[in-house]
Amino acid sequence: MKKLPVLFTLLMTIISNLPAQVTMDSGLNGFWNDVNGMPLKMTTAFNVEGSPYFDDNYLLADIVFLNGKKYQDIKAKINLETNELIVLNSKNEAMIVGAPIKELILKAYPRDGKIIPVVLRGVGSVNGAINAKDAKIVEVLQDGDNFKLYRSYVISYNDSKAYGDASLTRKYNKNISFYGYSLNNEKRLERLGKNKNVIVAFFGMKKDQVKNFIDQNKLSLKSDDDLIQVFEFANTLK
């Protein structure tokens, strides 16, 4: 019986030296160790019309860091003008995420009467982070192995002052365009209009097959669904 304390001590020593398993965090507990956050100071010297945010509300999101770590169910929103990713801490205080973020996944976004997941990424930046100042923020519409379809959001604004009014009004406008990203041959990001010839030409050596698909299915290419169908088909081509 006297050997039990020795065996217990030995067992606890072995357990304490076992390698820790990496798990996906489902809250803010581990998040704040990696986020490198700083408080958001909401100060504006003008009246505001419109919004620079993808959505004004804080929505439940999964956040993927550039180093691969992923955290679930974070209340977040993103500023499309400044590329700032803002999250709420346990005290409902707004914090700007300083660490580089690869992907923001809005888990249940209301659009056109549906609740859908929305995946946002940053393209064109040096490090590929969505919250890098030089990033173009895009929504992933089709994420194929060879061709990707993005909806791009760019914020512009106009400042005005009414006659006799001392205060300035800033009106935000959200400009939407579509980009294709090709992994064939050399990687390239190309802006797409709703013009059939421009879209078909984007697919290079596969353009004839894509054109036939568009014609056979009588796609107008005026809707998001039509563009998504085209990219889904292009990604099946060998």
# chains A, B, ... in the order shown; residues from 1 in each chain; ligands from 1
call {"tool": "select_by_dssp", "arguments": {"residues": "region 122-215 of chain A", "states": "strand (DSSP E)", "output": "JSON, numbers by chain"}}
result
{"A": [122, 123, 136, 137, 138, 139, 140, 141, 142, 143, 147, 148, 149, 150, 151, 152, 153, 154, 155, 156, 157, 158, 159, 160, 168, 169, 170, 171, 172, 173, 174, 175, 176, 177, 178, 179, 180, 181, 182, 188, 189, 190, 191, 192]}
call {"tool": "closest_atom_pairs", "arguments": {"of": "region 47-79 of chain A", "to": "region 171-183 of chain A", "cutoff": "9 Å", "atoms": "only C-alpha atoms", "output": "JSON lines"}}
result
{"residue": "A:Asn47", "atom": "CA", "partner": "A:Lys171", "partner_atom": "CA", "distance": 8.5}
{"residue": "A:Val48", "atom": "CA", "partner": "A:Lys171", "partner_atom": "CA", "distance": 6.0}
{"residue": "A:Glu49", "atom": "CA", "partner": "A:Lys171", "partner_atom": "CA", "distance": 4.6}
{"residue": "A:Gly50", "atom": "CA", "partner": "A:Tyr172", "partner_atom": "CA", "distance": 4.9}
{"residue": "A:Ser51", "atom": "CA", "partner": "A:Tyr172", "partner_atom": "CA", "distance": 5.6}
{"residue": "A:Pro52", "atom": "CA", "partner": "A:Tyr172", "partner_atom": "CA", "distance": 6.2}
{"residue": "A:Phe54", "atom": "CA", "partner": "A:Lys174", "partner_atom": "CA", "distance": 8.8}
call {"tool": "closest_atom_pairs", "arguments": {"of": "region 215-237 of chain A", "to": "region 193-205 of chain A", "cutoff": "8 Å", "atoms": "only C-alpha atoms", "output": "tab-separated table"}}
result
residue	atom	partner	partner_atom	distance
A:Leu221	CA	A:Lys194	CA	5.9
A:Lys222	CA	A:Lys194	CA	6.0
A:Ala234	CA	A:Phe203	CA	7.8
call {"tool": "closest_residue", "arguments": {"among": "A:Ser152, A:Ser160, A:Ser220, A:Asn79", "to": "Glu139 (chain A)", "atoms": "only C-alpha atoms"}}
result
A:Ser152
call {"tool": "residues_around", "arguments": {"residues": "Ile74 (chain A)", "least_positions_apart": "4", "cutoff": "10 Å", "atoms": "only C-alpha atoms", "output": "list in words"}}
result
Ser26, Gly27, Leu28, Phe31, Tyr58, Leu59, Leu60, Ala61, Asp62, Ile63, Val87, Leu88, Asn89, Ile105 and Leu106 of chain A
call {"tool": "atom_distance", "arguments": {"atom1": "CA of Phe231 (chain A)", "atom2": "CA of Val154 (chain A)"}}
result
22.7 Å
call {"tool": "residues_around", "arguments": {"residues": "Asp159 (chain A)", "least_positions_apart": "2", "cutoff": "9 Å", "atoms": "only C-alpha atoms", "output": "PDB file with all heavy atoms, in the first residue's frame"}}
result
ATOM      1  N   PHE A  46     -18.531  63.587 -38.963  1.00  0.00           N
ATOM      2  CA  PHE A  46     -19.514  63.892 -40.006  1.00  0.00           C
ATOM      3  C   PHE A  46     -20.739  62.999 -39.837  1.00  0.00           C
ATOM      4  O   PHE A  46     -20.714  61.980 -39.145  1.00  0.00           O
ATOM      5  CB  PHE A  46     -18.895  63.681 -41.390  1.00  0.00           C
ATOM      6  CG  PHE A  46     -18.084  62.418 -41.515  1.00  0.00           C
ATOM      7  CD1 PHE A  46     -18.679  61.177 -41.687  1.00  0.00           C
ATOM      8  CD2 PHE A  46     -16.689  62.474 -41.456  1.00  0.00           C
ATOM      9  CE1 PHE A  46     -17.940  60.024 -41.795  1.00  0.00           C
ATOM     10  CE2 PHE A  46     -15.932  61.315 -41.559  1.00  0.00           C
ATOM     11  CZ  PHE A  46     -16.560  60.085 -41.728  1.00  0.00           C
ATOM     12  N   TYR A 157     -17.157  56.846 -51.461  1.00  0.00           N
ATOM     13  CA  TYR A 157     -18.011  57.785 -50.731  1.00  0.00           C
ATOM     14  C   TYR A 157     -17.899  59.186 -51.311  1.00  0.00           C
ATOM     15  O   TYR A 157     -16.924  59.535 -51.993  1.00  0.00           O
ATOM     16  CB  TYR A 157     -17.674  57.797 -49.238  1.00  0.00           C
ATOM     17  CG  TYR A 157     -16.267  58.231 -48.909  1.00  0.00           C
ATOM     18  CD1 TYR A 157     -15.918  59.585 -48.821  1.00  0.00           C
ATOM     19  CD2 TYR A 157     -15.268  57.294 -48.663  1.00  0.00           C
ATOM     20  CE1 TYR A 157     -14.633  59.990 -48.514  1.00  0.00           C
ATOM     21  CE2 TYR A 157     -13.979  57.684 -48.358  1.00  0.00           C
ATOM     22  CZ  TYR A 157     -13.668  59.028 -48.281  1.00  0.00           C
ATOM     23  OH  TYR A 157     -12.385  59.427 -47.983  1.00  0.00           O
ATOM     24  N   LYS A 161     -21.905  69.101 -48.109  1.00  0.00           N
ATOM     25  CA  LYS A 161     -22.340  69.968 -47.024  1.00  0.00           C
ATOM     26  C   LYS A 161     -23.475  70.850 -47.559  1.00  0.00           C
ATOM     27  O   LYS A 161     -23.302  71.546 -48.565  1.00  0.00           O
ATOM     28  CB  LYS A 161     -21.196  70.830 -46.510  1.00  0.00           C
ATOM     29  CG  LYS A 161     -21.523  71.633 -45.273  1.00  0.00           C
ATOM     30  CD  LYS A 161     -20.350  72.526 -44.875  1.00  0.00           C
ATOM     31  CE  LYS A 161     -19.167  71.698 -44.381  1.00  0.00           C
ATOM     32  NZ  LYS A 161     -18.069  72.554 -43.870  1.00  0.00           N
ATOM     33  N   LEU A 168     -20.695  68.100 -42.037  1.00  0.00           N
ATOM     34  CA  LEU A 168     -20.396  67.395 -43.276  1.00  0.00           C
ATOM     35  C   LEU A 168     -21.162  66.074 -43.299  1.00  0.00           C
ATOM     36  O   LEU A 168     -21.301  65.411 -42.274  1.00  0.00           O
ATOM     37  CB  LEU A 168     -18.897  67.120 -43.363  1.00  0.00           C
ATOM     38  CG  LEU A 168     -18.349  66.561 -44.676  1.00  0.00           C
ATOM     39  CD1 LEU A 168     -18.366  67.633 -45.753  1.00  0.00           C
ATOM     40  CD2 LEU A 168     -16.928  66.052 -44.467  1.00  0.00           C
ATOM     41  N   THR A 169     -21.656  65.683 -44.478  1.00  0.00           N
ATOM     42  CA  THR A 169     -22.337  64.397 -44.632  1.00  0.00           C
ATOM     43  C   THR A 169     -21.528  63.516 -45.585  1.00  0.00           C
ATOM     44  O   THR A 169     -21.187  63.951 -46.695  1.00  0.00           O
ATOM     45  CB  THR A 169     -23.762  64.577 -45.189  1.00  0.00           C
ATOM     46  OG1 THR A 169     -24.544  65.312 -44.253  1.00  0.00           O
ATOM     47  CG2 THR A 169     -24.418  63.218 -45.430  1.00  0.00           C
ATOM     48  N   ARG A 170     -21.221  62.335 -45.138  1.00  0.00           N
ATOM     49  CA  ARG A 170     -20.505  61.363 -45.973  1.00  0.00           C
ATOM     50  C   ARG A 170     -21.481  60.273 -46.404  1.00  0.00           C
ATOM     51  O   ARG A 170     -22.058  59.576 -45.578  1.00  0.00           O
ATOM     52  CB  ARG A 170     -19.327  60.757 -45.226  1.00  0.00           C
ATOM     53  CG  ARG A 170     -18.616  59.634 -45.988  1.00  0.00           C
ATOM     54  CD  ARG A 170     -17.233  59.360 -45.438  1.00  0.00           C
ATOM     55  NE  ARG A 170     -16.360  60.501 -45.654  1.00  0.00           N
ATOM     56  CZ  ARG A 170     -15.067  60.542 -45.286  1.00  0.00           C
ATOM     57  NH1 ARG A 170     -14.535  59.509 -44.652  1.00  0.00           N
ATOM     58  NH2 ARG A 170     -14.340  61.612 -45.523  1.00  0.00           N
ATOM     59  N   LYS A 171     -21.640  60.120 -47.717  1.00  0.00           N
ATOM     60  CA  LYS A 171     -22.538  59.107 -48.268  1.00  0.00           C
ATOM     61  C   LYS A 171     -21.715  57.961 -48.848  1.00  0.00           C
ATOM     62  O   LYS A 171     -20.910  58.155 -49.767  1.00  0.00           O
ATOM     63  CB  LYS A 171     -23.435  59.709 -49.344  1.00  0.00           C
ATOM     64  CG  LYS A 171     -24.444  58.727 -49.908  1.00  0.00           C
ATOM     65  CD  LYS A 171     -25.352  59.387 -50.935  1.00  0.00           C
ATOM     66  CE  LYS A 171     -26.383  58.395 -51.473  1.00  0.00           C
ATOM     67  NZ  LYS A 171     -27.283  59.034 -52.469  1.00  0.00           N
ATOM     68  N   TYR A 172     -21.923  56.773 -48.297  1.00  0.00           N
ATOM     69  CA  TYR A 172     -21.190  55.591 -48.746  1.00  0.00           C
ATOM     70  C   TYR A 172     -21.952  54.877 -49.865  1.00  0.00           C
ATOM     71  O   TYR A 172     -23.172  54.768 -49.827  1.00  0.00           O
ATOM     72  CB  TYR A 172     -20.979  54.614 -47.594  1.00  0.00           C
ATOM     73  CG  TYR A 172     -19.930  55.067 -46.598  1.00  0.00           C
ATOM     74  CD1 TYR A 172     -20.298  55.609 -45.369  1.00  0.00           C
ATOM     75  CD2 TYR A 172     -18.576  54.941 -46.874  1.00  0.00           C
ATOM     76  CE1 TYR A 172     -19.341  56.007 -44.454  1.00  0.00           C
ATOM     77  CE2 TYR A 172     -17.609  55.336 -45.969  1.00  0.00           C
ATOM     78  CZ  TYR A 172     -18.004  55.874 -44.759  1.00  0.00           C
ATOM     79  OH  TYR A 172     -17.052  56.278 -43.854  1.00  0.00           O
TER      80      TYR A 172
END
call {"tool": "atom_distance", "arguments": {"atom1": "CA of Asp55 (chain A)", "atom2": "CA of Tyr153 (chain A)"}}
result
11.7 Å
call {"tool": "residues_around", "arguments": {"residues": "Ile101 (chain A)", "least_positions_apart": "5", "cutoff": "7 Å", "atoms": "only C-alpha atoms", "output": "list of chain:residue names"}}
result
A:Val64, A:Phe65, A:Leu66, A:Ala129, A:Ile130, A:Asn131
call {"tool": "atom_distance", "arguments": {"atom1": "CA of Gly128 (chain A)", "atom2": "CA of Arg151 (chain A)"}}
result
16.6 Å
call {"tool": "residues_around", "arguments": {"residues": "Leu120 (chain A)", "least_positions_apart": "4", "cutoff": "6 Å", "atoms": "only C-alpha atoms", "output": "mmCIF file with N, CA, C and O atoms, in the first residue's frame"}}
result
data_model
loop_
_atom_site.group_PDB
_atom_site.id
_atom_site.type_symbol
_atom_site.label_atom_id
_atom_site.label_comp_id
_atom_site.auth_asym_id
_atom_site.auth_seq_id
_atom_site.Cartn_x
_atom_site.Cartn_y
_atom_site.Cartn_z
ATOM 1 N N GLU A 103 -9.849 33.906 -43.790
ATOM 2 C CA GLU A 103 -11.219 33.709 -44.250
ATOM 3 C C GLU A 103 -12.211 34.053 -43.149
ATOM 4 O O GLU A 103 -11.986 33.732 -41.980
ATOM 5 N N LEU A 104 -13.302 34.709 -43.539
ATOM 6 C CA LEU A 104 -14.412 35.000 -42.640
ATOM 7 C C LEU A 104 -15.650 34.304 -43.187
ATOM 8 O O LEU A 104 -16.048 34.546 -44.330
ATOM 9 N N VAL A 138 -13.553 39.830 -51.208
ATOM 10 C CA VAL A 138 -14.451 39.173 -52.158
ATOM 11 C C VAL A 138 -15.289 38.122 -51.434
ATOM 12 O O VAL A 138 -14.882 37.560 -50.420
ATOM 13 N N GLU A 139 -16.469 37.874 -51.995
ATOM 14 C CA GLU A 139 -17.318 36.768 -51.561
ATOM 15 C C GLU A 139 -17.103 35.613 -52.526
ATOM 16 O O GLU A 139 -17.127 35.800 -53.747
#
call {"tool": "closest_residue", "arguments": {"among": "A:Ile155, A:Ala162, A:Leu141, A:Val119", "to": "Asp225 (chain A)", "atoms": "only C-alpha atoms"}}
result
A:Leu141
call {"tool": "closest_residue", "arguments": {"among": "A:Leu189, A:Ala108, A:Val210, A:Ala76", "to": "Tyr150 (chain A)", "atoms": "only C-alpha atoms"}}
result
A:Leu189
call {"tool": "select_by_dssp", "arguments": {"residues": "region 5-236 of chain A", "states": "helix (DSSP H, G or I)", "output": "VMD selection string"}}
result
chain A and resid 5 to 16 31 to 34 196 to 202 204 to 216 224 to 234
call {"tool": "write_last_selection", "arguments": {"atoms": "C-alpha atoms", "output": "mmCIF file, in the first residue's frame"}}
result
data_model
loop_
_atom_site.group_PDB
_atom_site.id
_atom_site.type_symbol
_atom_site.label_atom_id
_atom_site.label_comp_id
_atom_site.auth_asym_id
_atom_site.auth_seq_id
_atom_site.Cartn_x
_atom_site.Cartn_y
_atom_site.Cartn_z
ATOM 1 C CA PRO A 5 1.653 7.418 -3.664
ATOM 2 C CA VAL A 6 4.777 6.700 -5.730
ATOM 3 C CA LEU A 7 2.748 5.082 -8.531
ATOM 4 C CA PHE A 8 0.220 7.952 -8.474
ATOM 5 C CA THR A 9 3.018 10.536 -8.733
ATOM 6 C CA LEU A 10 4.603 8.630 -11.626
ATOM 7 C CA LEU A 11 1.248 8.374 -13.454
ATOM 8 C CA MET A 12 0.544 12.097 -13.068
ATOM 9 C CA THR A 13 4.030 12.910 -14.365
ATOM 10 C CA ILE A 14 3.437 10.823 -17.515
ATOM 11 C CA ILE A 15 0.014 12.406 -18.136
ATOM 12 C CA SER A 16 1.317 15.949 -17.707
ATOM 13 C CA PHE A 31 -9.533 33.326 -29.630
ATOM 14 C CA TRP A 32 -8.235 36.218 -27.571
ATOM 15 C CA ASN A 33 -4.849 34.569 -27.171
ATOM 16 C CA ASP A 34 -4.300 34.794 -30.938
ATOM 17 C CA LYS A 196 -20.728 36.838 -72.878
ATOM 18 C CA ASN A 197 -17.575 37.245 -74.989
ATOM 19 C CA VAL A 198 -15.523 38.509 -72.049
ATOM 20 C CA ILE A 199 -16.684 35.670 -69.802
ATOM 21 C CA VAL A 200 -16.080 32.982 -72.422
ATOM 22 C CA ALA A 201 -12.602 34.328 -73.228
ATOM 23 C CA PHE A 202 -11.625 34.064 -69.565
ATOM 24 C CA GLY A 204 -8.814 30.174 -72.368
ATOM 25 C CA MET A 205 -8.435 26.771 -74.044
ATOM 26 C CA LYS A 206 -11.770 25.647 -72.589
ATOM 27 C CA LYS A 207 -13.694 28.615 -74.007
ATOM 28 C CA ASP A 208 -15.376 26.665 -76.832
ATOM 29 C CA GLN A 209 -16.798 24.072 -74.421
ATOM 30 C CA VAL A 210 -17.957 26.834 -72.086
ATOM 31 C CA LYS A 211 -19.598 28.735 -74.955
ATOM 32 C CA ASN A 212 -21.493 25.599 -76.027
ATOM 33 C CA PHE A 213 -22.679 25.072 -72.449
ATOM 34 C CA ILE A 214 -23.968 28.666 -72.241
ATOM 35 C CA ASP A 215 -25.766 28.388 -75.590
ATOM 36 C CA GLN A 216 -27.299 24.979 -74.898
ATOM 37 C CA ASP A 224 -25.356 35.284 -60.151
ATOM 38 C CA ASP A 225 -26.882 31.827 -60.624
ATOM 39 C CA ASP A 226 -25.987 31.810 -64.326
ATOM 40 C CA LEU A 227 -22.374 32.723 -63.614
ATOM 41 C CA ILE A 228 -22.142 30.088 -60.886
ATOM 42 C CA GLN A 229 -23.477 27.442 -63.300
ATOM 43 C CA VAL A 230 -20.836 28.367 -65.876
ATOM 44 C CA PHE A 231 -17.990 28.118 -63.377
ATOM 45 C CA GLU A 232 -19.311 24.852 -61.958
ATOM 46 C CA PHE A 233 -19.346 23.409 -65.487
ATOM 47 C CA ALA A 234 -15.861 24.743 -66.314
#
call {"tool": "closest_residue", "arguments": {"among": "A:Ile78, A:Arg188, A:Asn217, A:Thr236", "to": "Gly124 (chain A)", "atoms": "only C-alpha atoms"}}
result
A:Arg188
